[in-house]
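Below: query-v3.cif (mmCIF, C-alpha atoms and all ligand atoms)
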data_target
loop_
_atom_site.label_atom_id
_atom_site.label_comp_id
_atom_site.auth_asym_id
_atom_site.auth_seq_id
_atom_site.Cartn_x
_atom_site.Cartn_y
_atom_site.Cartn_z
CA MET A 1201 0.00 0.00 0.00
CA LYS A 1202 1.36 3.38 -0.99
CA VAL A 1203 1.76 5.84 1.84
CA ARG A 1204 -0.51 8.87 1.48
CA THR A 1205 -0.40 11.64 4.07
CA ARG A 1206 -2.02 15.02 4.06
CA PHE A 1207 -1.88 18.46 5.59
CA ALA A 1208 -5.43 19.55 6.46
CA PRO A 1209 -5.25 23.10 7.78
CA SER A 1210 -8.22 25.34 8.46
CA PRO A 1211 -6.96 28.59 6.93
CA THR A 1212 -7.25 31.58 9.21
CA GLY A 1213 -4.75 33.93 7.58
CA ASN A 1214 -1.88 33.00 9.85
CA VAL A 1215 -0.21 29.63 9.93
CA HIS A 1216 0.91 28.59 13.40
CA ILE A 1217 4.34 26.95 13.57
CA GLY A 1218 2.73 23.95 15.29
CA ASN A 1219 0.51 23.35 12.26
CA MET A 1220 3.41 23.83 9.92
CA ARG A 1221 5.49 21.35 11.88
CA ALA A 1222 2.69 18.80 11.44
CA ALA A 1223 2.77 19.54 7.70
CA ILE A 1224 6.55 19.04 7.66
CA TYR A 1225 6.29 15.67 9.41
CA ASN A 1226 3.58 14.52 7.01
CA TRP A 1227 5.74 15.64 4.11
CA LEU A 1228 8.91 13.97 5.46
CA PHE A 1229 7.03 10.75 6.20
CA ALA A 1230 5.47 10.58 2.74
CA ARG A 1231 8.72 11.41 0.95
CA HIS A 1232 10.67 8.93 3.09
CA HIS A 1233 8.31 6.15 2.03
CA GLY A 1234 8.15 7.25 -1.59
CA GLY A 1235 4.48 8.04 -1.06
CA GLN A 1236 2.27 11.04 -1.64
CA PHE A 1237 1.71 14.17 0.36
CA LEU A 1238 -1.65 15.86 -0.20
CA LEU A 1239 -3.16 19.16 0.71
CA ARG A 1240 -6.71 19.48 1.94
CA VAL A 1241 -7.98 22.91 2.76
CA GLU A 1242 -10.56 22.64 5.52
CA ASP A 1243 -12.28 25.84 4.52
CA THR A 1244 -15.78 25.30 5.87
CA ASP A 1245 -15.58 28.31 8.17
CA ARG A 1246 -16.56 30.81 5.48
CA GLU A 1247 -15.83 33.82 7.63
CA ARG A 1248 -12.22 32.95 8.35
CA SER A 1249 -11.30 30.94 5.27
CA THR A 1250 -11.12 33.92 2.96
CA PRO A 1251 -9.23 33.79 -0.36
CA GLU A 1252 -6.47 35.85 1.32
CA ALA A 1253 -6.21 33.36 4.17
CA ILE A 1254 -5.89 30.51 1.69
CA GLN A 1255 -3.26 32.42 -0.29
CA THR A 1256 -1.25 33.04 2.89
CA LEU A 1257 -1.31 29.32 3.56
CA LEU A 1258 -0.18 28.43 0.04
CA ASP A 1259 2.59 31.06 0.17
CA ALA A 1260 3.87 29.65 3.45
CA MET A 1261 4.04 26.18 1.89
CA VAL A 1262 5.92 27.44 -1.15
CA TRP A 1263 8.31 29.35 1.08
CA LEU A 1264 9.08 26.18 3.03
CA LYS A 1265 9.30 24.14 -0.18
CA LEU A 1266 6.52 21.81 0.96
CA ASP A 1267 5.40 20.60 -2.43
CA PHE A 1268 2.24 18.52 -2.54
CA ASP A 1269 0.93 15.94 -4.96
CA GLU A 1270 -2.36 16.18 -6.86
CA GLU A 1271 -4.75 19.11 -6.73
CA PRO A 1272 -5.64 20.43 -3.28
CA LEU A 1273 -9.03 19.30 -2.06
CA TYR A 1274 -11.23 22.12 -0.82
CA GLN A 1275 -13.51 20.79 1.88
CA SER A 1276 -16.22 23.34 1.13
CA THR A 1277 -16.81 21.66 -2.24
CA ARG A 1278 -17.66 18.38 -0.57
CA MET A 1279 -20.71 19.35 1.46
CA GLU A 1280 -23.10 17.28 -0.61
CA ALA A 1281 -21.02 14.14 -0.16
CA HIS A 1282 -20.83 14.79 3.58
CA LEU A 1283 -24.60 15.15 3.87
CA GLU A 1284 -25.19 12.05 1.76
CA ALA A 1285 -23.00 10.04 4.11
CA ALA A 1286 -24.98 11.37 7.06
CA GLU A 1287 -28.19 10.19 5.33
CA MET A 1288 -26.64 6.78 4.81
CA LEU A 1289 -25.71 6.55 8.51
CA LEU A 1290 -29.26 7.58 9.41
CA SER A 1291 -30.76 4.97 7.13
CA LYS A 1292 -28.64 2.25 8.75
CA GLY A 1293 -29.57 3.36 12.25
CA LEU A 1294 -25.97 4.37 12.95
CA ALA A 1295 -27.08 7.94 13.48
CA TYR A 1296 -30.30 9.56 14.64
CA LYS A 1297 -31.98 12.96 14.60
CA GLU A 1298 -32.63 15.01 17.64
CA ASP A 1299 -33.64 18.55 18.52
CA LYS A 1300 -30.59 19.21 20.67
CA GLY A 1301 -31.44 21.21 23.75
CA GLY A 1302 -35.07 21.16 22.68
CA THR A 1303 -34.86 24.72 21.37
CA GLY A 1304 -37.15 24.07 18.45
CA GLN A 1305 -34.45 25.29 16.07
CA GLY A 1306 -34.52 22.07 14.15
CA GLU A 1307 -32.91 18.71 14.38
CA CYS A 1308 -29.23 17.78 14.34
CA VAL A 1309 -27.91 14.48 13.07
CA ILE A 1310 -26.18 12.64 15.86
CA PHE A 1311 -23.74 9.80 15.44
CA ARG A 1312 -24.36 6.81 17.66
CA MET A 1313 -21.15 5.60 19.33
CA PRO A 1314 -20.98 1.81 19.16
CA GLY A 1315 -20.88 1.31 22.93
CA THR A 1316 -17.65 -0.64 22.94
CA ASP A 1317 -14.21 0.29 24.30
CA SER A 1318 -11.86 1.84 21.76
CA ILE A 1319 -8.17 1.13 21.39
CA PHE A 1320 -5.60 2.10 18.76
CA GLU A 1321 -1.83 2.07 18.23
CA ASP A 1322 -0.52 5.58 17.94
CA GLY A 1323 2.67 5.91 15.90
CA ILE A 1324 4.20 8.21 18.48
CA LYS A 1325 2.32 7.71 21.72
CA GLY A 1326 1.92 3.94 21.66
CA THR A 1327 -1.34 2.24 22.67
CA LEU A 1328 -4.19 4.61 23.45
CA SER A 1329 -7.56 3.49 24.70
CA LYS A 1330 -10.85 4.79 26.01
CA LYS A 1331 -13.71 3.10 27.80
CA ALA A 1332 -17.11 2.94 26.16
CA GLU A 1333 -18.77 4.78 29.05
CA ASN A 1334 -16.47 7.76 28.47
CA MET A 1335 -17.50 8.25 24.87
CA GLN A 1336 -20.73 10.03 24.05
CA ASP A 1337 -22.73 10.23 20.85
CA PHE A 1338 -21.87 13.41 18.94
CA VAL A 1339 -23.32 15.79 16.39
CA ILE A 1340 -22.28 15.24 12.76
CA VAL A 1341 -24.74 17.63 11.05
CA ARG A 1342 -25.84 20.84 12.74
CA SER A 1343 -29.47 21.89 12.89
CA ASN A 1344 -28.71 24.45 10.17
CA GLY A 1345 -27.79 21.60 7.86
CA THR A 1346 -23.99 22.02 7.82
CA PRO A 1347 -21.67 19.06 8.43
CA VAL A 1348 -19.47 19.10 11.53
CA PHE A 1349 -15.66 18.82 11.43
CA HIS A 1350 -15.59 15.15 12.50
CA LEU A 1351 -17.73 13.98 9.63
CA ALA A 1352 -16.06 16.17 7.00
CA ASN A 1353 -12.54 15.34 8.16
CA VAL A 1354 -13.11 11.58 8.11
CA LEU A 1355 -14.98 11.53 4.80
CA ASP A 1356 -12.33 13.62 3.11
CA ASP A 1357 -9.56 11.40 4.43
CA ILE A 1358 -11.44 8.47 2.93
CA GLU A 1359 -11.93 10.37 -0.34
CA GLN A 1360 -8.21 11.18 -0.51
CA ASN A 1361 -7.20 7.61 0.40
CA VAL A 1362 -5.13 8.87 3.30
CA THR A 1363 -3.18 6.04 4.94
CA HIS A 1364 -1.46 7.94 7.77
CA VAL A 1365 -2.85 10.83 9.78
CA ILE A 1366 -0.09 12.76 11.55
CA ARG A 1367 -1.51 15.66 13.54
CA GLY A 1368 -1.31 17.51 16.85
CA ASP A 1369 -2.25 15.68 20.01
CA ASP A 1370 -5.06 18.15 20.63
CA HIS A 1371 -6.90 15.77 18.28
CA VAL A 1372 -6.43 12.56 20.31
CA GLU A 1373 -9.95 12.72 21.75
CA ASN A 1374 -11.36 13.31 18.29
CA THR A 1375 -9.54 10.27 17.00
CA PHE A 1376 -11.64 7.91 19.16
CA ARG A 1377 -14.72 9.38 17.49
CA HIS A 1378 -13.15 9.31 14.06
CA ILE A 1379 -12.25 5.63 14.33
CA ALA A 1380 -15.88 4.84 15.17
CA LEU A 1381 -16.99 6.85 12.14
CA TYR A 1382 -14.60 5.02 9.82
CA LYS A 1383 -15.97 1.71 10.97
CA ALA A 1384 -19.57 2.84 10.56
CA LEU A 1385 -18.75 4.05 7.05
CA GLY A 1386 -17.17 0.69 6.25
CA ALA A 1387 -13.76 2.22 5.48
CA ASP A 1388 -10.24 1.18 6.52
CA VAL A 1389 -9.01 3.09 9.55
CA PRO A 1390 -5.75 4.93 8.78
CA LYS A 1391 -2.71 4.80 11.04
CA TYR A 1392 -2.58 7.69 13.48
CA ALA A 1393 0.35 9.52 14.99
CA HIS A 1394 -0.22 12.42 17.36
CA LEU A 1395 2.48 15.02 17.84
CA PRO A 1396 2.98 16.59 21.24
CA MET A 1397 2.32 20.30 21.40
CA ILE A 1398 4.90 23.02 21.00
CA VAL A 1399 4.96 24.78 24.38
CA ASN A 1400 6.31 27.89 26.07
CA ALA A 1401 8.64 27.95 29.09
CA GLN A 1402 5.63 27.33 31.37
CA GLY A 1403 4.63 24.23 29.44
CA LYS A 1404 1.50 25.89 27.99
CA PRO A 1405 0.72 25.75 24.24
CA TYR A 1406 3.02 28.20 22.48
CA SER A 1407 1.02 31.22 21.33
CA LYS A 1408 1.33 34.71 19.94
CA ARG A 1409 1.73 35.95 23.51
CA ASP A 1410 4.98 34.02 23.83
CA GLY A 1411 6.53 35.62 20.76
CA ASP A 1412 6.50 34.84 17.09
CA ALA A 1413 4.12 31.96 16.62
CA PHE A 1414 3.24 32.20 12.93
CA VAL A 1415 5.25 31.23 9.89
CA GLY A 1416 4.82 34.72 8.44
CA ASP A 1417 6.39 36.31 11.53
CA PHE A 1418 9.61 34.42 10.95
CA ARG A 1419 9.66 35.28 7.29
CA GLU A 1420 9.22 38.96 8.10
CA LYS A 1421 11.94 38.82 10.72
CA GLY A 1422 14.41 37.68 8.10
CA PHE A 1423 14.65 33.94 8.64
CA LEU A 1424 15.23 31.66 5.67
CA GLY A 1425 12.59 29.07 4.83
CA GLU A 1426 15.23 26.31 4.77
CA ALA A 1427 16.37 27.18 8.28
CA LEU A 1428 12.84 27.32 9.70
CA PHE A 1429 12.08 23.98 8.03
CA ASN A 1430 15.19 22.39 9.57
CA TYR A 1431 14.45 23.92 12.95
CA LEU A 1432 10.81 22.81 13.05
CA ALA A 1433 11.74 19.32 11.83
CA LEU A 1434 14.08 18.95 14.81
CA LEU A 1435 11.53 20.38 17.23
CA GLY A 1436 10.21 17.01 18.34
CA TRP A 1437 12.15 14.67 16.08
CA SER A 1438 15.79 13.68 15.99
CA PRO A 1439 17.76 11.71 13.40
CA GLY A 1440 19.25 9.56 16.15
CA ASP A 1441 22.70 11.08 15.95
CA ASP A 1442 23.99 14.56 16.73
CA ARG A 1443 23.34 16.08 13.32
CA GLU A 1444 21.50 19.40 13.50
CA ILE A 1445 22.03 21.13 10.18
CA MET A 1446 20.44 18.77 7.70
CA SER A 1447 19.43 19.20 4.10
CA MET A 1448 15.90 18.25 3.06
CA PRO A 1449 17.08 15.01 1.39
CA GLU A 1450 19.02 14.08 4.53
CA MET A 1451 15.93 14.64 6.65
CA VAL A 1452 13.76 12.66 4.23
CA GLU A 1453 16.21 9.78 4.43
CA ALA A 1454 16.45 9.80 8.24
CA PHE A 1455 12.82 10.53 9.16
CA SER A 1456 10.77 8.08 11.17
CA LEU A 1457 7.82 8.38 13.53
CA GLU A 1458 9.65 6.18 16.04
CA ARG A 1459 12.17 8.93 16.52
CA CYS A 1460 9.51 11.57 17.22
CA GLN A 1461 9.48 12.44 20.87
CA SER A 1462 6.34 11.86 22.90
CA SER A 1463 6.88 14.80 25.24
CA ALA A 1464 6.14 18.44 24.43
CA ALA A 1465 8.74 20.48 22.57
CA GLN A 1466 9.90 23.89 23.72
CA VAL A 1467 10.68 26.73 21.32
CA ASP A 1468 14.27 27.95 21.49
CA LEU A 1469 14.69 31.11 19.43
CA LYS A 1470 18.43 31.27 20.10
CA LYS A 1471 18.85 27.92 18.45
CA LEU A 1472 16.74 28.96 15.48
CA THR A 1473 18.81 32.14 15.09
CA TRP A 1474 22.03 30.14 15.24
CA MET A 1475 20.67 27.71 12.69
CA ASN A 1476 19.61 30.53 10.41
CA GLY A 1477 23.12 31.98 10.59
CA GLU A 1478 24.50 28.62 9.46
CA TYR A 1479 22.10 28.62 6.51
CA MET A 1480 23.03 32.20 5.64
CA LEU A 1481 26.69 31.14 5.53
CA LYS A 1482 25.87 28.24 3.26
CA LEU A 1483 24.16 30.42 0.67
CA PRO A 1484 26.13 30.79 -2.57
CA ASP A 1485 27.75 34.25 -2.76
CA GLU A 1486 25.44 35.31 -5.59
CA ASP A 1487 22.35 34.43 -3.56
CA PHE A 1488 23.63 36.20 -0.49
CA GLU A 1489 24.39 39.28 -2.59
CA MET A 1490 20.99 39.19 -4.19
CA ILE A 1491 19.30 39.10 -0.79
CA CYS A 1492 21.51 41.97 0.41
CA PHE A 1493 20.76 44.12 -2.62
CA GLY A 1494 17.08 43.40 -2.12
CA GLU A 1495 17.21 44.53 1.50
CA LEU A 1496 19.12 47.72 0.65
CA ASP A 1497 16.63 48.43 -2.06
CA LYS A 1498 13.70 48.00 0.31
CA ALA A 1499 15.40 50.37 2.73
CA GLY A 1500 15.79 52.95 -0.04
CA ILE A 1501 19.59 52.70 -0.05
CA ASP A 1502 21.13 53.36 -3.41
CA ALA A 1503 24.28 51.23 -3.45
CA GLU A 1504 27.15 51.31 -5.93
CA PRO A 1505 27.41 47.58 -6.80
CA GLU A 1506 31.19 47.12 -6.58
CA TYR A 1507 31.42 48.91 -3.25
CA ALA A 1508 28.35 47.08 -1.95
CA ARG A 1509 29.76 43.65 -2.84
CA ARG A 1510 32.90 44.33 -0.82
CA ILE A 1511 30.73 45.32 2.14
CA PHE A 1512 28.58 42.20 1.87
CA LYS A 1513 31.74 40.06 2.03
CA LEU A 1514 32.82 41.92 5.11
CA VAL A 1515 29.63 41.28 7.09
CA ARG A 1516 28.90 37.82 5.66
CA GLU A 1517 29.93 35.89 8.75
CA ARG A 1518 28.09 38.16 11.16
CA VAL A 1519 24.71 38.16 9.46
CA LYS A 1520 22.39 35.81 11.33
CA THR A 1521 19.12 36.79 9.67
CA VAL A 1522 18.17 38.77 6.58
CA ALA A 1523 16.93 41.48 8.93
CA ASP A 1524 20.52 42.06 10.13
CA ILE A 1525 21.70 43.24 6.73
CA VAL A 1526 20.55 46.85 6.71
CA PRO A 1527 21.49 47.60 10.34
CA MET A 1528 24.90 46.01 9.77
CA THR A 1529 25.70 47.76 6.50
CA GLY A 1530 23.70 50.98 6.48
CA TYR A 1531 26.56 53.20 7.74
CA PHE A 1532 28.76 52.25 4.82
CA PHE A 1533 26.37 53.96 2.46
CA ALA A 1534 25.46 57.05 4.47
CA ASP A 1535 28.07 59.60 5.42
CA GLU A 1536 25.48 61.09 7.76
CA PHE A 1537 25.09 57.85 9.69
CA GLU A 1538 23.62 57.81 13.19
CA TYR A 1539 25.69 57.27 16.29
CA ASP A 1540 25.05 54.86 19.11
CA GLU A 1541 24.53 57.18 22.07
CA GLN A 1542 26.13 54.94 24.62
CA ALA A 1543 29.20 54.41 22.46
CA VAL A 1544 29.59 58.17 22.07
CA ARG A 1545 29.22 58.81 25.78
CA LYS A 1546 31.45 56.04 26.98
CA LYS A 1547 34.18 55.88 24.37
CA LEU A 1548 34.26 59.17 22.52
CA GLN A 1549 33.49 61.95 24.94
CA LYS A 1550 36.56 61.37 27.06
CA ASP A 1551 39.66 63.36 27.75
CA GLY A 1552 42.30 62.95 25.11
CA VAL A 1553 40.07 61.39 22.44
CA ALA A 1554 39.98 64.55 20.32
CA ASP A 1555 43.76 64.59 20.34
CA THR A 1556 43.98 60.87 19.56
CA LEU A 1557 41.64 61.18 16.59
CA ALA A 1558 43.52 64.20 15.26
CA LYS A 1559 46.77 62.25 15.40
CA VAL A 1560 45.25 59.14 13.82
CA LYS A 1561 43.87 61.32 11.06
CA ALA A 1562 47.35 62.74 10.44
CA VAL A 1563 48.80 59.23 10.37
CA PHE A 1564 46.19 58.11 7.82
CA GLU A 1565 46.84 61.20 5.69
CA SER A 1566 50.54 60.49 5.61
CA LEU A 1567 50.22 56.88 4.47
CA GLU A 1568 51.52 56.20 1.01
CA ILE A 1569 49.01 53.43 0.46
CA PHE A 1570 45.79 53.16 2.43
CA ASP A 1571 44.74 49.56 2.76
CA GLU A 1572 44.19 46.82 5.32
CA ALA A 1573 47.87 46.06 5.95
CA SER A 1574 49.06 49.65 6.02
CA THR A 1575 46.37 50.92 8.40
CA ASP A 1576 46.94 47.89 10.61
CA LYS A 1577 50.67 48.58 10.84
CA ALA A 1578 50.23 52.34 11.22
CA LEU A 1579 47.75 52.09 14.08
CA HIS A 1580 49.81 49.47 15.89
CA ASP A 1581 52.89 51.68 15.57
CA PHE A 1582 50.85 54.61 16.82
CA VAL A 1583 49.64 52.64 19.86
CA GLU A 1584 53.22 51.76 20.66
CA THR A 1585 54.74 55.25 20.33
CA SER A 1586 51.81 57.07 21.95
CA GLY A 1587 51.77 54.78 24.96
CA LEU A 1588 47.97 54.67 24.74
CA GLY A 1589 46.06 51.42 25.20
CA PHE A 1590 45.00 49.52 22.09
CA GLY A 1591 41.32 49.95 22.93
CA ALA A 1592 41.74 53.68 23.63
CA VAL A 1593 42.73 54.10 19.99
CA MET A 1594 40.71 51.50 18.13
CA ALA A 1595 37.34 52.13 19.78
CA PRO A 1596 37.19 55.88 18.99
CA VAL A 1597 38.37 55.23 15.44
CA ARG A 1598 35.70 52.60 14.91
CA ILE A 1599 32.93 54.77 16.33
CA ALA A 1600 34.17 57.77 14.37
CA VAL A 1601 33.85 55.92 11.06
CA SER A 1602 30.78 53.76 11.76
CA GLY A 1603 28.87 55.21 14.71
CA VAL A 1604 28.82 51.88 16.54
CA GLN A 1605 31.10 49.85 18.73
CA SER A 1606 30.84 46.50 17.01
CA GLY A 1607 31.17 45.35 13.45
CA PRO A 1608 33.64 43.68 11.14
CA ASP A 1609 37.37 43.72 11.95
CA LEU A 1610 38.57 47.30 11.96
CA PHE A 1611 41.26 47.18 9.28
CA PRO A 1612 39.23 45.45 6.59
CA LEU A 1613 36.48 47.92 7.48
CA LEU A 1614 38.79 50.91 6.99
CA ASN A 1615 40.07 49.40 3.77
CA VAL A 1616 36.57 49.04 2.31
CA LEU A 1617 35.53 52.53 3.40
CA GLY A 1618 38.68 53.95 1.81
CA ARG A 1619 40.84 56.86 2.90
CA GLU A 1620 38.59 59.64 1.72
CA ARG A 1621 35.54 58.45 3.64
CA VAL A 1622 37.54 57.59 6.71
CA LEU A 1623 39.10 61.07 6.92
CA LYS A 1624 35.79 62.80 6.29
CA ARG A 1625 34.10 60.72 8.96
CA ILE A 1626 36.77 61.38 11.56
CA GLU A 1627 36.39 65.06 10.84
CA ARG A 1628 32.62 64.96 11.09
CA THR A 1629 32.68 63.01 14.35
CA THR A 1630 35.20 65.39 15.89
CA GLY A 1631 33.06 68.32 14.84
CA LEU A 1632 29.90 66.81 16.27
CA PHE A 1633 31.14 65.58 19.62
CA LEU A 1634 34.63 66.77 20.40
CA SER A 1635 34.88 70.48 19.73
N1 LIG B 1701 -8.38 21.27 10.21
C1 LIG B 1701 -7.92 20.50 11.33
C2 LIG B 1701 -6.87 21.29 12.09
O1 LIG B 1701 -6.23 22.15 11.51
C3 LIG B 1701 -7.38 19.19 10.80
C4 LIG B 1701 -6.83 18.25 11.79
C5 LIG B 1701 -6.30 17.00 11.09
O2 LIG B 1701 -5.12 17.06 10.68
O3 LIG B 1701 -7.03 16.05 10.94
O4 LIG B 1701 -6.70 21.10 13.28
#
What do you get writing this file as structure tokens?
Amino acid sequence: MKVRTRFAPSPTGNVHIGNMRAAIYNWLFARHHGGQFLLRVEDTDRERSTPEAIQTLLDAMVWLKLDFDEEPLYQSTRMEAHLEAAEMLLSKGLAYKEDKGGTGQGECVIFRMPGTDSIFEDGIKGTLSKKAENMQDFVIVRSNGTPVFHLANVLDDIEQNVTHVIRGDDHVENTFRHIALYKALGADVPKYAHLPMIVNAQGKPYSKRDGDAFVGDFREKGFLGEALFNYLALLGWSPGDDREIMSMPEMVEAFSLERCQSSAAQVDLKKLTWMNGEYMLKLPDEDFEMICFGELDKAGIDAEPEYARRIFKLVRERVKTVADIVPMTGYFFADEFEYDEQAVRKKLQKDGVADTLAKVKAVFESLEIFDEASTDKALHDFVETSGLGFGAVMAPVRIAVSGVQSGPDLFPLLNVLGRERVLKRIERTTGLFLS
């Protein structure tokens, strides 16, 4: 039997990372087994499942490279089939009609639980069971004539020939009902695997209140789709060795439900940021440059390409997310860059700094060639003859030319800026803060 899994989100406009992780596991499982991964859009909530919400969902899948097989199935198109099935269950006495609550608003269709204990093997949690007395009959068609989630979800899984249902463990209770429905409908029950929740530091389901909880948030913050994919894949699954940075084919090859953990997974943004930095480093130079140019463009920075490329090389290793690019490179392009207040107060506005900068400026002016090696040698010589500490010279120079205390190594930085800019910037800084 060919493995067929599916992602069955209810589009709301934002895609929670927990849902996306379920999609990733379904995708990895299907690809590992050479099977199919399907998309079913559970869009029966007409108010929330707007075309925009569906587009956001599709965009998130493209961004994460979660390709699916066949055409997506839109649940809203299946209402007739759902209602027909309810009629069939009624005709067999497996469901009955009732005016729930006796409100006179019409009758619901209620599924009759079989009255036997239920037990199933969960691919992650092991054997799960529930006593008959703890399972009540439940509504499958509302009094307004619309099918309820349980009925639609099961019928569509049957329609799509889904063999494995991998979803969040908030659905475990539903699964006992769903298994009963499958049996009543005379269909084969799929294999189930329920993923533990993603939680916050307090062990509660991870939500917007805890920080970025939606795929779109991470995209906006400058994370790469590949890195988020890798991070979410490892949030609750491990390949069984200490690999952390893994390509999609490596993950496909290593994936198994047995190696999914049965306890909740906690979000660790530091780890994601680290991972993203690793992915940024792995980008081919051309791709990294393209992303950088794109960011500068969005920020309205007009960059001379040759100069910009040298800057991108300089910051390459420090860039952890796409969002770092403009803050890390902006001062190269603007002679009127802003200064970090604390840096100015602590390192610039001190006795002797005006004199130091004036002397450094003179040293730079006198250099025959202005490059990385010559500025390096000149400043080290200056430190030695002046008797000043290394930091007392380098920090003011760095702040004078960039406005901030941290950044790429100073001498490559000076080299890329070039003598003319460096001298102008020292002058400007002295004028602003030291005269
Ligand atoms: N639309 C449901 C959800 O997003 C589907 C659950 C399932 O995967 O069966 O929770």
Find the spatial neighbours of Ile1340 in chain A, counting all atoms listed in the file, within a cut-off of 6 Å - ignore same-chain residues fewer than 3 positions away - and output them as a PyMOL selection string.
-> chain A and resi 1309-1310+1347-1348+1351
Excluding Ser1407 in chain A and any residue of its chain fewer than 5 positions from it, enumerate the residues within 10 Å of it, using all atoms listed in the file, and give them as a list of chain:residue names.
-> A:His1216, A:Ile1217, A:Gly1218, A:Ile1398, A:Val1399, A:Asn1400, A:Asp1412, A:Ala1413, A:Phe1414
Please work out which residues fall within 12 Å of (44.0, 63.3, 13.5), coordinates as given in the file, with only C-alpha atoms counting, and return them as a PyMOL selection string.
-> chain A and resi 1552-1566+1579+1582+1593+1596-1597+1600+1622-1630
Show me which residues sit within 6 Å of ligand LIG 1701 (chain B) when counting only C-alpha atoms and all ligand atoms, and put them as an NGL selection string.
-> :A and (1208-1210 or 1242 or 1367)
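Pairwise distance (CA of Val1583 in chain A, CA of Ser1635 in chain A) equals 23.2 Å.
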Residue contacts of Ala1223 in chain A (10 Å, all atoms listed in the file) excluding same-chain residues fewer than 6 positions away, as a VMD selection string | chain A and resid 1205 to 1209 1217 1229 1237 to 1239 1261 1266 1366 to 1367 1433
Output for the residues just chosen: C-alpha atoms as a PDB file, in the coordinates of the input:
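Below is the file selection-v7.pdb, written as the result:
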ATOM      1  CA  THR A1205      -0.400  11.640   4.070  1.00  0.00           C
ATOM      2  CA  ARG A1206      -2.020  15.020   4.060  1.00  0.00           C
ATOM      3  CA  PHE A1207      -1.880  18.460   5.590  1.00  0.00           C
ATOM      4  CA  ALA A1208      -5.430  19.550   6.460  1.00  0.00           C
ATOM      5  CA  PRO A1209      -5.250  23.100   7.780  1.00  0.00           C
ATOM      6  CA  ILE A1217       4.340  26.950  13.570  1.00  0.00           C
ATOM      7  CA  PHE A1229       7.030  10.750   6.200  1.00  0.00           C
ATOM      8  CA  PHE A1237       1.710  14.170   0.360  1.00  0.00           C
ATOM      9  CA  LEU A1238      -1.650  15.860  -0.200  1.00  0.00           C
ATOM     10  CA  LEU A1239      -3.160  19.160   0.710  1.00  0.00           C
ATOM     11  CA  MET A1261       4.040  26.180   1.890  1.00  0.00           C
ATOM     12  CA  LEU A1266       6.520  21.810   0.960  1.00  0.00           C
ATOM     13  CA  ILE A1366      -0.090  12.760  11.550  1.00  0.00           C
ATOM     14  CA  ARG A1367      -1.510  15.660  13.540  1.00  0.00           C
ATOM     15  CA  ALA A1433      11.740  19.320  11.830  1.00  0.00           C
TER      16      ALA A1433
END
